[in-house]
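For reference, the structure is listed below as structure tokens.
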Amino acid sequence: MPPMPDPPLGRPCTLVTAAAGYGKTATVRRLLRGAQTHWYDRADVAYLVGPLLDDPAALAATLRRTVPPEPVRRPIWLVLDDLPRLPADRLGRLLQAAARLPDGLRLVLLTRHPPAPHVIGGWRRRGLLDVRGPGDLALTRDGIMTLLAGRVEWSEPALVDRVAAVTAGWPALVRLLVRSGPAGWPVLDGSGPGRPPAVGSPVAAFLLDEVLPELPAGTRRILRRAVHLDPVHAELLGGAAGRTGPELRRLADIGLLLRDSADDARYRPVPLVAAVLRRHLPLPPGQQPGLHRRAADWYVRHGLPEAALHAYRSAGDPVGTARLLEHSGADLLRTGAAGTVLTVVPGLPVGLRSARLRRLRADARRITGDWAGAVADYRELADPDRPLEPALAWRLCLVHYLRGAPHEALAAFAETTVDGSADHRHAEAALLGWAALAYGATGDAAACAQVAARARAAAPPVEAGPAYGTGPPAGDGPVDRVGAPDGPRRPWCTRSSRWRRASRPSWPATGLR
């Protein structure tokens, strides 16, 4: 649990806001350990925010009388625990009372009900109010490991990482998941939250019985829709974005959503919360496809191909899924979604699995280290009666080189024809580059230098970016396309230390530096 930097020490008032189970009370007690404090219980708080709140000066005087009458020489923290939901005007009066407290008295407010930004914005700008939220209270990975210390069944590092991922460090969710023992492991399966907890499980009971009833009805309706999307944006949930946006911000302020952008425009659901709500408070079946289809189109427009892919699948739209893979497959691989591609492509109807999508799956296998599977897929795509296409040849050459089989890489190189065709310029440059490395790995320095020079000559200008499938996606081909835009790029292989070692005897003759 990260310490709050200089907690309520320097401000007249500190507001700590989060949903139940985030450890607000425990955290503040830990931070103020050894300090002089006065805690107000629920009955005291109800009295202080009752009619007395109509007069901030009278409230400030009452708070002052609860501490010893002698002059305050050390800071004293007055902690109002479990502050109820207050209308904006009454919360404003409470902050006015905090501003009237004498030097040395600090007010700390713990609540499950975050105020609207416009209510507290002025107080924060003037330095009178500090606000702490779920991000300050959540357990870090180290904190989760400390909590799991001594529990053999939870000692696997990967399991600790999954607990951190699905709970977002929400302390109560972590403890309840740990308390469930191995019975809670199905929740941690796969890349998502896995199988949701059953109705009677401690996690589901906590969320359904203690957390959700605290939310206003309108906020609960928005949350039920939001947990089906990742990321979440006000435009995706229907209704007026001007009303939905503040509700999403409220959910993030208490830790039921996670902020996904600096401008508070995008959010992500806490995976375990999403799993519970989708199972126990599902949307009517007729609403879900439309929600996901609208979200998928929105994600495409905003450059979020992996999110769009998941949304099209959830909408039951294989045509949209295939179209997205055709258009954005290279982007998905480049951004680390190879595992998702491997899951999605085989699930498409056979008629939608075009040659490009099957090659995309082979590329995903290559990226994830399944080299044997990648080679098999590439060979299945090849026409046995024709020379190997450069787009397949460079991929085979690369895979064999990476798996330490340079002679097989060169065999793939020999199966194709490099004719300088404009249609295959990028693929041929990539093929020549990887072939040069393969020659270098076999110790044939002369062939390495000769083929590397051909790769350099074949490399296209940086402006001429290829469409996916005609050449290497950025980042996995040997042609360096970052540099001066006024000529061919130097092949990546000519800067490889292995190439330099292999080709050192002929280095002066190549003219490459």
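So you can find residues: chains in the structure tokens are A, B, ... in the order shown, residues in each start at 1, and ligands are numbered from 1 in order.
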
Could you list, as a list in words, every residue within 12 Å of Asp370 (chain A), counting only C-alpha atoms and ignoring same-chain residues fewer than 4 positions away? Ala338, Gly339, Leu342, Arg361, Ala362, Asp363, Ala364, Arg365, Arg366, Ala374, Val375, Ala376, Asp377, Val399, His400, Leu402 and Arg403 of chain A

Next, dump the selected residues to file, keeping only N, CA and C atoms, as a PDB file, in the first residue's frame.
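File written: selection.pdb
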```
ATOM      1  N   ALA A 338      -1.005 -10.631 -30.012  1.00  0.00           N
ATOM      2  CA  ALA A 338      -0.859 -11.872 -30.774  1.00  0.00           C
ATOM      3  C   ALA A 338      -1.674 -13.002 -30.157  1.00  0.00           C
ATOM      4  N   GLY A 339      -1.709 -13.075 -28.830  1.00  0.00           N
ATOM      5  CA  GLY A 339      -2.506 -14.113 -28.175  1.00  0.00           C
ATOM      6  C   GLY A 339      -3.974 -14.008 -28.510  1.00  0.00           C
ATOM      7  N   LEU A 342      -4.554 -15.339 -31.994  1.00  0.00           N
ATOM      8  CA  LEU A 342      -4.539 -16.807 -32.011  1.00  0.00           C
ATOM      9  C   LEU A 342      -5.851 -17.393 -31.507  1.00  0.00           C
ATOM     10  N   ARG A 361      -2.569 -15.447 -38.526  1.00  0.00           N
ATOM     11  CA  ARG A 361      -2.458 -16.409 -37.427  1.00  0.00           C
ATOM     12  C   ARG A 361      -1.051 -16.996 -37.372  1.00  0.00           C
ATOM     13  N   ALA A 362      -0.468 -17.286 -38.530  1.00  0.00           N
ATOM     14  CA  ALA A 362       0.907 -17.802 -38.541  1.00  0.00           C
ATOM     15  C   ALA A 362       1.878 -16.775 -37.967  1.00  0.00           C
ATOM     16  N   ASP A 363       1.685 -15.493 -38.311  1.00  0.00           N
ATOM     17  CA  ASP A 363       2.538 -14.446 -37.742  1.00  0.00           C
ATOM     18  C   ASP A 363       2.390 -14.395 -36.224  1.00  0.00           C
ATOM     19  N   ALA A 364       1.152 -14.560 -35.742  1.00  0.00           N
ATOM     20  CA  ALA A 364       0.935 -14.549 -34.294  1.00  0.00           C
ATOM     21  C   ALA A 364       1.642 -15.726 -33.634  1.00  0.00           C
ATOM     22  N   ARG A 365       1.621 -16.880 -34.293  1.00  0.00           N
ATOM     23  CA  ARG A 365       2.354 -18.028 -33.751  1.00  0.00           C
ATOM     24  C   ARG A 365       3.855 -17.746 -33.712  1.00  0.00           C
ATOM     25  N   ARG A 366       4.347 -17.126 -34.755  1.00  0.00           N
ATOM     26  CA  ARG A 366       5.770 -16.791 -34.774  1.00  0.00           C
ATOM     27  C   ARG A 366       6.124 -15.859 -33.621  1.00  0.00           C
ATOM     28  N   ALA A 374       4.080 -22.000 -36.732  1.00  0.00           N
ATOM     29  CA  ALA A 374       4.177 -20.937 -37.740  1.00  0.00           C
ATOM     30  C   ALA A 374       4.679 -21.499 -39.065  1.00  0.00           C
ATOM     31  N   VAL A 375       5.734 -22.346 -39.010  1.00  0.00           N
ATOM     32  CA  VAL A 375       6.271 -22.931 -40.239  1.00  0.00           C
ATOM     33  C   VAL A 375       5.197 -23.766 -40.938  1.00  0.00           C
ATOM     34  N   ALA A 376       4.450 -24.556 -40.157  1.00  0.00           N
ATOM     35  CA  ALA A 376       3.405 -25.384 -40.758  1.00  0.00           C
ATOM     36  C   ALA A 376       2.343 -24.526 -41.434  1.00  0.00           C
ATOM     37  N   ASP A 377       1.954 -23.436 -40.780  1.00  0.00           N
ATOM     38  CA  ASP A 377       0.940 -22.543 -41.369  1.00  0.00           C
ATOM     39  C   ASP A 377       1.457 -21.880 -42.640  1.00  0.00           C
ATOM     40  N   VAL A 399      11.812 -17.197 -39.264  1.00  0.00           N
ATOM     41  CA  VAL A 399      11.524 -18.207 -38.244  1.00  0.00           C
ATOM     42  C   VAL A 399      12.682 -19.183 -38.114  1.00  0.00           C
ATOM     43  N   HIS A 400      13.182 -19.675 -39.226  1.00  0.00           N
ATOM     44  CA  HIS A 400      14.285 -20.630 -39.164  1.00  0.00           C
ATOM     45  C   HIS A 400      15.535 -19.978 -38.580  1.00  0.00           C
ATOM     46  N   LEU A 402      15.606 -17.536 -36.372  1.00  0.00           N
ATOM     47  CA  LEU A 402      15.395 -17.362 -34.938  1.00  0.00           C
ATOM     48  C   LEU A 402      15.513 -18.676 -34.177  1.00  0.00           C
ATOM     49  N   ARG A 403      15.099 -19.764 -34.800  1.00  0.00           N
ATOM     50  CA  ARG A 403      15.183 -21.048 -34.103  1.00  0.00           C
ATOM     51  C   ARG A 403      16.550 -21.710 -34.260  1.00  0.00           C
TER      52      ARG A 403
END
```

Close residues, Val174 (chain A) itself excluded, 9 Å, only C-alpha atoms, min 6 positions apart in chain, as a PDB file with N, CA, C and O atoms, in the first residue's frame:
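Heads up, here's the output in selection-v9.pdb:
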```pdb
ATOM      1  N   LEU A 139      -3.856  -1.969  -2.618  1.00  0.00           N
ATOM      2  CA  LEU A 139      -2.652  -2.736  -2.332  1.00  0.00           C
ATOM      3  C   LEU A 139      -1.790  -2.827  -3.584  1.00  0.00           C
ATOM      4  O   LEU A 139      -2.287  -3.084  -4.680  1.00  0.00           O
ATOM      5  N   ILE A 144       0.244  -7.195  -1.736  1.00  0.00           N
ATOM      6  CA  ILE A 144      -0.494  -8.458  -1.895  1.00  0.00           C
ATOM      7  C   ILE A 144       0.400  -9.634  -1.523  1.00  0.00           C
ATOM      8  O   ILE A 144      -0.032 -10.578  -0.855  1.00  0.00           O
ATOM      9  N   LEU A 147       0.506  -9.936   2.127  1.00  0.00           N
ATOM     10  CA  LEU A 147      -0.750 -10.498   2.635  1.00  0.00           C
ATOM     11  C   LEU A 147      -0.792 -12.013   2.435  1.00  0.00           C
ATOM     12  O   LEU A 147      -1.369 -12.746   3.254  1.00  0.00           O
ATOM     13  N   VAL A 163      -4.051 -12.092  -9.112  1.00  0.00           N
ATOM     14  CA  VAL A 163      -4.844 -11.489  -8.035  1.00  0.00           C
ATOM     15  C   VAL A 163      -4.785  -9.965  -8.152  1.00  0.00           C
ATOM     16  O   VAL A 163      -5.810  -9.277  -8.047  1.00  0.00           O
ATOM     17  N   ALA A 164      -3.580  -9.423  -8.357  1.00  0.00           N
ATOM     18  CA  ALA A 164      -3.440  -7.973  -8.494  1.00  0.00           C
ATOM     19  C   ALA A 164      -4.223  -7.454  -9.690  1.00  0.00           C
ATOM     20  O   ALA A 164      -4.857  -6.393  -9.621  1.00  0.00           O
ATOM     21  N   THR A 167      -8.298  -7.802  -9.132  1.00  0.00           N
ATOM     22  CA  THR A 167      -8.869  -7.019  -8.025  1.00  0.00           C
ATOM     23  C   THR A 167      -8.491  -5.550  -8.085  1.00  0.00           C
ATOM     24  O   THR A 167      -9.085  -4.739  -7.367  1.00  0.00           O
ATOM     25  N   ALA A 168      -7.508  -5.189  -8.912  1.00  0.00           N
ATOM     26  CA  ALA A 168      -6.968  -3.828  -8.948  1.00  0.00           C
ATOM     27  C   ALA A 168      -6.470  -3.400  -7.572  1.00  0.00           C
ATOM     28  O   ALA A 168      -6.417  -2.211  -7.268  1.00  0.00           O
TER      29      ALA A 168
END
```

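The interatomic distance for the pair CA of Ala372 (chain A) and CA of Gly433 (chain A) works out to 21.8 Å.
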
Write out as JSON lines the residues of region 290-322 of chain A that have any atom within 12 Å of an atom of region 221-226 of chain A, one row each with the nearest atom pair and its distance in Å to one decimal, counting only C-alpha atoms, sorted by chain and then rising number.
```
{"residue": "A:Gly290", "atom": "CA", "partner": "A:Arg225", "partner_atom": "CA", "distance": 11.6}
{"residue": "A:Leu291", "atom": "CA", "partner": "A:Arg225", "partner_atom": "CA", "distance": 8.3}
{"residue": "A:His292", "atom": "CA", "partner": "A:Arg225", "partner_atom": "CA", "distance": 10.1}
{"residue": "A:Ala295", "atom": "CA", "partner": "A:Ala226", "partner_atom": "CA", "distance": 10.8}
```

Quick one: write out the picked residues with N, CA, C and O atoms as a compact mmCIF listing (two decimals), in the first residue's frame?
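Ended up saving to out-v4.txt:
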```txt
# COMPACT_ATOMS: atom_id res chain seq x y z
N GLY A 290 -26.33 -4.90 -29.36
CA GLY A 290 -26.29 -3.51 -29.84
C GLY A 290 -25.25 -2.69 -29.09
O GLY A 290 -24.54 -1.87 -29.70
N LEU A 291 -25.14 -2.90 -27.78
CA LEU A 291 -24.15 -2.18 -26.99
C LEU A 291 -22.74 -2.50 -27.49
O LEU A 291 -21.92 -1.60 -27.70
N HIS A 292 -22.48 -3.78 -27.71
CA HIS A 292 -21.13 -4.17 -28.15
C HIS A 292 -20.86 -3.71 -29.58
O HIS A 292 -19.72 -3.32 -29.89
N ALA A 295 -20.09 -0.08 -29.53
CA ALA A 295 -18.77 0.11 -28.94
C ALA A 295 -17.67 -0.27 -29.93
O ALA A 295 -16.65 0.43 -30.04
```

Identify, on the basis of only C-alpha atoms, every residue whose closest approach to region 202-209 of chain A does not exceed 9 Å; exclude the query and any residue fewer than 4 positions from it along the same chain; express the result as a VMD selection string. chain A and resid 21 172 to 173 176 to 177 179 to 180 196 to 198 213 272 to 273 276 to 277 280

Polymer residues at most 12 Å from Leu348 (chain A), only C-alpha atoms, same-chain spacing of 2 or more positions, as a list in words: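 Listing them by chain and then by number gives Tyr312, Arg313, Gly316, Asp317, Pro318, Val319, Gly320, Thr321, Ala322, Arg323, Leu325, Val341, Leu342, Thr343, Val344, Val345, Pro346, Val350, Gly351, Leu352, Arg353, Ser354, Leu357, Arg358 and Arg361 of chain A.
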
Neighbouring residues of Leu59 (chain A) were defined as those with any atom within 9 Å, considering only C-alpha atoms; residues of the same chain fewer than 2 positions away were excluded. Please report them as a PyMOL selection string. chain A and resi 48-49+52-57+61-64+94+97-98

DSSP strand (DSSP E) residues within region 207-335 of chain A, listed as a count of residues only: 9

Pick the closest to Leu410 (chain A) from A:Ala88, A:Asp297, A:Trp434, A:His424: which is it, counting only C-alpha atoms? A:Trp434

Rounded to one decimal, what separation in Å do you get between CA of Pro284 (chain A) and CA of Ile254 (chain A)?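 Atom-to-atom, CA of Pro284 (chain A) to CA of Ile254 (chain A), that is 26.4 Å.
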